[in-house]
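Report on one structure; see the data block that follows.
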Amino acid sequence: MSAGASRHVVIIGSGAVGTVSALECLRQGHRVTVVDPAPPGGEHATSYGNAGWLSSHSVIPPAEPGMWRKVPGFLLDSLGPLSIRWSYLPKVMPWLIRFLLAARTPVLIERTARAMRTLLSDAPKLHAGLAAEAGVSDLIERRGVLHVYPDRAAFEGDARSWAIRRTVGVEWLELSADEIRQREPHLHPRYTFGLVVEEAGHCRDPGGYVAALADLARARGAAYRTTRATGFRVEAGRLTAVTTEDGEIACDRAVVAAGARSKALTASLGDPLPLESERGYHVMIPDAEVGPRTPMMASDAKMIVNHMNGGLRAAGQVEFAGLAAVPNWKRAEILRDHLVSMFPGLAGTVSAETPRVWLGHRPSMPDGRPCIGTARKTTDVIYAFGHGHVGLVGSARTGRLVAQLVSGMPPEIPLAPFDPRRFL
């Protein structure tokens with residue numbers, strides 16, 4: 001089948017990446033079927049509970065040189081910003097070793113940052129365009145994000161990461177204590193140093209945004225099948241069908257965009273990729289009257305705080321415990337306590353019962369870069385998962401890349417840094 005020919009594409013996963021991929025494949029003239037056991041934008045989806053940042057500057061991998069020294073603390077402190085459940089340690093250890101090795105030197109971190117910058121650059125603009133098409137322009141705001149630190153010394157602990165960001169083209173403005181007070185009158189005065197990244201954006205309702213994009217995809221002809229994909233039928237190196245719990249769906253191309261649940265699908269094609277769930281929590285305070293004017297990250301709490309359409313959201317934490325372990329809601333309580341500490345005006349209005357809590361699964365690769373490319377067994381199956389903390393912001397360009405691979409077109413950015421074969 002020649003480049004530019006119309007194909008039937010089955011997209012496995014209706015999260016942010018899968019939904020944008022569906023829209024972009026439709027734009028290229030392909031027939032699209034989306035397979036997911038649950039509706040787009042629902043509470044089950046990682047995109048639903050996303051922190052809402054469209055952070056085109058989030059190019060630094062989560063690991064850092066020397067982080068191996070902190071692993072005992074991750075095991076001993078079950079409520080720290082990053083924790084590992086003892087029972088899950090044997091299973092996650094191979095991934096964790098790769099995670100630490102991938103960021104063992106500044107050179108390796110800069111290599112990842114350069115790659116991620118190509119994926120995330122202009123993402124707020126791309127999302128604004130998609131939202132306008134879907135009639136939900138109000139959900140995307142482009143007014144920058146704010147990083148706050150207790151003092152400049154605390155910032156110096158992150159200075160190497162910010163220097164790498166500058167190397168790859170990220171710019172920011174520094175704020176003094178007085179400038180922070182003027183911008184954020186509700187913020188606790190202990191924060192005396194800040195950075196504003198003006199190019200970044202914010203989504204006021206990630207779940208609603210993905211649902212609106214899915215509605216647009218349906219209106220443009222996409223079919224949705226409420227079932228679970230289980231594998232593929234490949235004959236003589238060519239894909240003939242995606243298998244599901246409700247039977248086969250004949251197709252020419254398939255896209256694996258099932259987030260943290262993509263691992264079994266790639267393994268069925270002989271690609272045992274090191275995908276892990278970074279479990280993340282959020283709390284929502286409905287009708288909060290105080291909070292940040294600008295979407296904000298507090299360095300000491302490792303937490304992002306945003307006003308969303310449904311209330312004030314605080315999101316963060318990383319927990320390694322797998323897909324099936326029960327939530328540890330004490331981690332959400334920590335987010336609530338940090339939130340009240342950051343914004344003292346919330347004290348007295350937030351009880352233990354006030355917040356709504358949520359847990360989701362960030363699909364993460366150990367080197368901090370997603371997998372975007374084709375399966376080894378057949379180039380008819382395209383992988384698009386593993387975005388970790390940047391699934392929402394990275395979905396806009398990832399969807400375009402998926403459509404280009406489906407169509408046999410040259411990708412708009414180099415895909416070598418994201419090639420799944422780097423792990424095989």
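In the structure tokens, chains take letters A, B, ... by order of appearance, with residues numbered from 1 within each chain and ligands from 1 in the order shown.
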
Handout entry: Picked from range 184-271 of chain A by DSSP as strand (DSSP E or B), as a ChimeraX atom specification
Key = /A:193-197,201-203,223-225,229-235,238-244,247-250,253-256

Sort by chain and increasing residue number a table of all residues of range 270-346 of chain A within 12 Å of range 140-148 of chain A, each with its closest pair of atoms and their distance in Å to one decimal, counting only C-alpha atoms, and write it as a Markdown table.
```
| residue | atom | partner | partner_atom | distance |
| --- | --- | --- | --- | --- |
| A:Pro292 | CA | A:Leu146 | CA | 9.3 |
| A:Arg293 | CA | A:Leu146 | CA | 9.6 |
| A:Thr294 | CA | A:Val145 | CA | 6.0 |
| A:Pro295 | CA | A:Val145 | CA | 5.0 |
| A:Met296 | CA | A:Leu146 | CA | 4.6 |
| A:Met297 | CA | A:His147 | CA | 4.8 |
| A:Ala298 | CA | A:Val148 | CA | 5.2 |
| A:Ser299 | CA | A:Val148 | CA | 6.2 |
| A:Asp300 | CA | A:Val148 | CA | 8.6 |
| A:Ala301 | CA | A:Val148 | CA | 10.2 |
| A:Lys302 | CA | A:His147 | CA | 10.3 |
| A:Met303 | CA | A:His147 | CA | 10.1 |
| A:Ile304 | CA | A:His147 | CA | 9.0 |
| A:Val305 | CA | A:Leu146 | CA | 9.9 |
| A:Asn306 | CA | A:Val145 | CA | 9.7 |
| A:His307 | CA | A:Glu141 | CA | 11.4 |
| A:Met308 | CA | A:Ile140 | CA | 10.8 |
| A:Asn309 | CA | A:Ile140 | CA | 11.3 |
| A:Met342 | CA | A:Val148 | CA | 10.5 |
```

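Distance-wise, CA of Ser21 in chain A and CA of Ala260 in chain A end up 17.0 Å apart.
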
Problem - Test item, helix (DSSP H, G or I) assignment across range 173-255 of chain A, answer as a PyMOL selection string - result: chain A and resi 177-183+206-219

May I have the selected residues written with N, CA and C atoms, as a PDB file, in the first residue's frame?
```
ATOM      1  N   ALA A 177      11.093  38.135  46.119  1.00  0.00           N
ATOM      2  CA  ALA A 177      10.033  37.896  47.098  1.00  0.00           C
ATOM      3  C   ALA A 177       8.888  38.902  46.917  1.00  0.00           C
ATOM      4  N   ASP A 178       9.233  40.180  46.715  1.00  0.00           N
ATOM      5  CA  ASP A 178       8.189  41.193  46.541  1.00  0.00           C
ATOM      6  C   ASP A 178       7.382  40.948  45.269  1.00  0.00           C
ATOM      7  N   GLU A 179       8.053  40.558  44.209  1.00  0.00           N
ATOM      8  CA  GLU A 179       7.333  40.297  42.948  1.00  0.00           C
ATOM      9  C   GLU A 179       6.421  39.086  43.077  1.00  0.00           C
ATOM     10  N   ILE A 180       6.852  38.082  43.839  1.00  0.00           N
ATOM     11  CA  ILE A 180       5.975  36.928  44.080  1.00  0.00           C
ATOM     12  C   ILE A 180       4.738  37.367  44.854  1.00  0.00           C
ATOM     13  N   ARG A 181       4.942  38.207  45.884  1.00  0.00           N
ATOM     14  CA  ARG A 181       3.798  38.666  46.684  1.00  0.00           C
ATOM     15  C   ARG A 181       2.783  39.428  45.823  1.00  0.00           C
ATOM     16  N   GLN A 182       3.297  40.255  44.902  1.00  0.00           N
ATOM     17  CA  GLN A 182       2.390  41.016  44.048  1.00  0.00           C
ATOM     18  C   GLN A 182       1.585  40.100  43.137  1.00  0.00           C
ATOM     19  N   ARG A 183       2.238  39.060  42.623  1.00  0.00           N
ATOM     20  CA  ARG A 183       1.552  38.138  41.720  1.00  0.00           C
ATOM     21  C   ARG A 183       0.663  37.168  42.459  1.00  0.00           C
ATOM     22  N   PRO A 206      -8.582  18.569  32.047  1.00  0.00           N
ATOM     23  CA  PRO A 206      -7.997  17.598  31.123  1.00  0.00           C
ATOM     24  C   PRO A 206      -8.963  16.501  30.689  1.00  0.00           C
ATOM     25  N   GLY A 207      -9.756  15.980  31.631  1.00  0.00           N
ATOM     26  CA  GLY A 207     -10.722  14.948  31.258  1.00  0.00           C
ATOM     27  C   GLY A 207     -11.761  15.463  30.287  1.00  0.00           C
ATOM     28  N   GLY A 208     -12.292  16.656  30.564  1.00  0.00           N
ATOM     29  CA  GLY A 208     -13.275  17.252  29.661  1.00  0.00           C
ATOM     30  C   GLY A 208     -12.690  17.587  28.310  1.00  0.00           C
ATOM     31  N   TYR A 209     -11.424  17.984  28.291  1.00  0.00           N
ATOM     32  CA  TYR A 209     -10.746  18.300  27.035  1.00  0.00           C
ATOM     33  C   TYR A 209     -10.608  17.060  26.166  1.00  0.00           C
ATOM     34  N   VAL A 210     -10.142  15.952  26.753  1.00  0.00           N
ATOM     35  CA  VAL A 210     -10.006  14.714  25.985  1.00  0.00           C
ATOM     36  C   VAL A 210     -11.372  14.232  25.504  1.00  0.00           C
ATOM     37  N   ALA A 211     -12.393  14.334  26.350  1.00  0.00           N
ATOM     38  CA  ALA A 211     -13.738  13.919  25.939  1.00  0.00           C
ATOM     39  C   ALA A 211     -14.234  14.762  24.769  1.00  0.00           C
ATOM     40  N   ALA A 212     -13.935  16.067  24.785  1.00  0.00           N
ATOM     41  CA  ALA A 212     -14.363  16.942  23.683  1.00  0.00           C
ATOM     42  C   ALA A 212     -13.625  16.588  22.392  1.00  0.00           C
ATOM     43  N   LEU A 213     -12.347  16.272  22.485  1.00  0.00           N
ATOM     44  CA  LEU A 213     -11.612  15.859  21.288  1.00  0.00           C
ATOM     45  C   LEU A 213     -12.152  14.542  20.749  1.00  0.00           C
ATOM     46  N   ALA A 214     -12.539  13.628  21.647  1.00  0.00           N
ATOM     47  CA  ALA A 214     -13.126  12.363  21.203  1.00  0.00           C
ATOM     48  C   ALA A 214     -14.461  12.594  20.507  1.00  0.00           C
ATOM     49  N   ASP A 215     -15.253  13.521  21.032  1.00  0.00           N
ATOM     50  CA  ASP A 215     -16.518  13.857  20.366  1.00  0.00           C
ATOM     51  C   ASP A 215     -16.259  14.389  18.959  1.00  0.00           C
ATOM     52  N   LEU A 216     -15.214  15.198  18.824  1.00  0.00           N
ATOM     53  CA  LEU A 216     -14.863  15.720  17.504  1.00  0.00           C
ATOM     54  C   LEU A 216     -14.437  14.583  16.577  1.00  0.00           C
ATOM     55  N   ALA A 217     -13.668  13.633  17.110  1.00  0.00           N
ATOM     56  CA  ALA A 217     -13.251  12.492  16.294  1.00  0.00           C
ATOM     57  C   ALA A 217     -14.465  11.689  15.824  1.00  0.00           C
ATOM     58  N   ARG A 218     -15.418  11.476  16.709  1.00  0.00           N
ATOM     59  CA  ARG A 218     -16.657  10.765  16.312  1.00  0.00           C
ATOM     60  C   ARG A 218     -17.382  11.539  15.212  1.00  0.00           C
ATOM     61  N   ALA A 219     -17.487  12.853  15.395  1.00  0.00           N
ATOM     62  CA  ALA A 219     -18.197  13.667  14.412  1.00  0.00           C
ATOM     63  C   ALA A 219     -17.511  13.608  13.051  1.00  0.00           C
TER      64      ALA A 219
END
```

Exercise for the section: For CA of Tyr281 in chain A and CA of Gln317 in chain A, quote the distance in Å rounded to one decimal. Expected result: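 Atom-to-atom, CA of Tyr281 in chain A and CA of Gln317 in chain A are spaced 6.2 Å apart.
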
Contact table range 32-106 of chain A vs range 361-376 of chain A, cut-off 8 Å, shortest pair per residue, only C-alpha atoms, as a Markdown table:
```
| residue | atom | partner | partner_atom | distance |
| --- | --- | --- | --- | --- |
| A:Thr46 | CA | A:His361 | CA | 5.8 |
| A:Ile60 | CA | A:Gly368 | CA | 7.7 |
| A:Pro61 | CA | A:Gly368 | CA | 4.7 |
| A:Pro62 | CA | A:Gly368 | CA | 6.7 |
| A:Trp95 | CA | A:Pro366 | CA | 6.2 |
| A:Leu96 | CA | A:Pro366 | CA | 7.1 |
| A:Arg98 | CA | A:Pro366 | CA | 5.7 |
| A:Phe99 | CA | A:Pro366 | CA | 4.2 |
| A:Leu100 | CA | A:Pro366 | CA | 7.9 |
| A:Ala102 | CA | A:Asp367 | CA | 5.1 |
| A:Ala103 | CA | A:Asp367 | CA | 7.2 |
```

Practice task
Skip range 408-415 of chain A itself and residues of its chain fewer than 5 positions away, then list as number ranges by chain all residues within 12 Å of it, counting only C-alpha atoms.
Solution key: A: 1-7, 25, 28, 114-121, 253, 369-374, 379-380, 382-384, 397-403, 420-422

Those selected residues, please, written with C-alpha atoms and delivered as a short mmCIF file (atom, residue, chain, number, x, y, z; two decimals), in the first residue's frame.
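Contents of selection20.cif, as written:
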```cif
data_model
loop_
_atom_site.label_atom_id
_atom_site.label_comp_id
_atom_site.auth_asym_id
_atom_site.auth_seq_id
_atom_site.Cartn_x
_atom_site.Cartn_y
_atom_site.Cartn_z
CA MET A 1 0.00 0.00 0.00
CA SER A 2 1.59 3.30 -1.06
CA ALA A 3 2.23 6.39 1.05
CA GLY A 4 -0.82 8.61 1.15
CA ALA A 5 -3.26 5.71 0.59
CA SER A 6 -6.23 5.48 2.93
CA ARG A 7 -5.90 2.82 5.61
CA CYS A 25 -5.21 10.07 11.31
CA GLN A 28 -4.83 12.37 6.80
CA ARG A 114 17.19 18.00 23.57
CA ALA A 115 14.98 15.16 22.36
CA MET A 116 12.07 16.09 24.62
CA ARG A 117 12.27 19.72 23.56
CA THR A 118 11.60 18.71 19.94
CA LEU A 119 8.51 16.81 21.12
CA LEU A 120 7.12 19.49 23.45
CA SER A 121 8.08 22.71 21.71
CA ARG A 253 -2.48 -0.41 10.84
CA ARG A 369 11.49 9.53 26.82
CA PRO A 370 8.32 7.95 25.36
CA CYS A 371 8.27 5.17 22.79
CA ILE A 372 7.19 6.50 19.39
CA GLY A 373 7.95 4.16 16.52
CA THR A 374 7.11 0.78 15.05
CA THR A 379 5.97 -1.83 10.88
CA ASP A 380 2.17 -1.89 10.61
CA ILE A 382 2.98 1.82 15.83
CA TYR A 383 3.84 2.43 19.47
CA ALA A 384 2.91 5.74 21.13
CA ARG A 397 2.77 16.43 18.60
CA THR A 398 2.73 12.67 19.29
CA GLY A 399 -0.62 12.39 17.53
CA ARG A 400 0.80 14.19 14.49
CA LEU A 401 3.79 11.84 14.46
CA VAL A 402 1.52 8.79 14.66
CA ALA A 403 -0.48 9.99 11.66
CA PRO A 420 11.33 1.57 20.94
CA ARG A 421 14.31 -0.45 19.67
CA ARG A 422 16.61 1.46 22.02
#
```

Exercise for the section: Between A:Ala38, A:Val242, A:Ile164, A:Val32, single out the one closest to Gly15 in chain A, counting only C-alpha atoms. Expected result: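 The answer is A:Ala38, which sits nearest to Gly15 in chain A.
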
Handout entry: Selection: 10 Å around Leu76 in chain A, only C-alpha atoms, excl. self and same-chain fewer than 5 positions, as a list of chain:residue names
Key = A:Val71, A:Ser83, A:Ile84, A:Arg85, A:Trp86

Requested write-out: C-alpha atoms of the selected residues, as a JSON list (two decimals), in the first residue's frame:
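Saved to selection-v2.json:
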```
[["chain", "number", "residue", "atom", "x", "y", "z"],
["A", 71, "VAL", "CA", 16.87, 4.70, 47.07],
["A", 83, "SER", "CA", 8.36, 5.97, 47.34],
["A", 84, "ILE", "CA", 8.73, 2.30, 46.48],
["A", 85, "ARG", "CA", 6.60, -0.33, 48.19],
["A", 86, "TRP", "CA", 8.80, -3.08, 49.61]]
```

Fill in the blank from the handout: Restricting to only C-alpha atoms, whichever of A:Val290, A:Ala134, A:Ala159, A:Val255 is closest to Pro185 in chain A is A:Val290
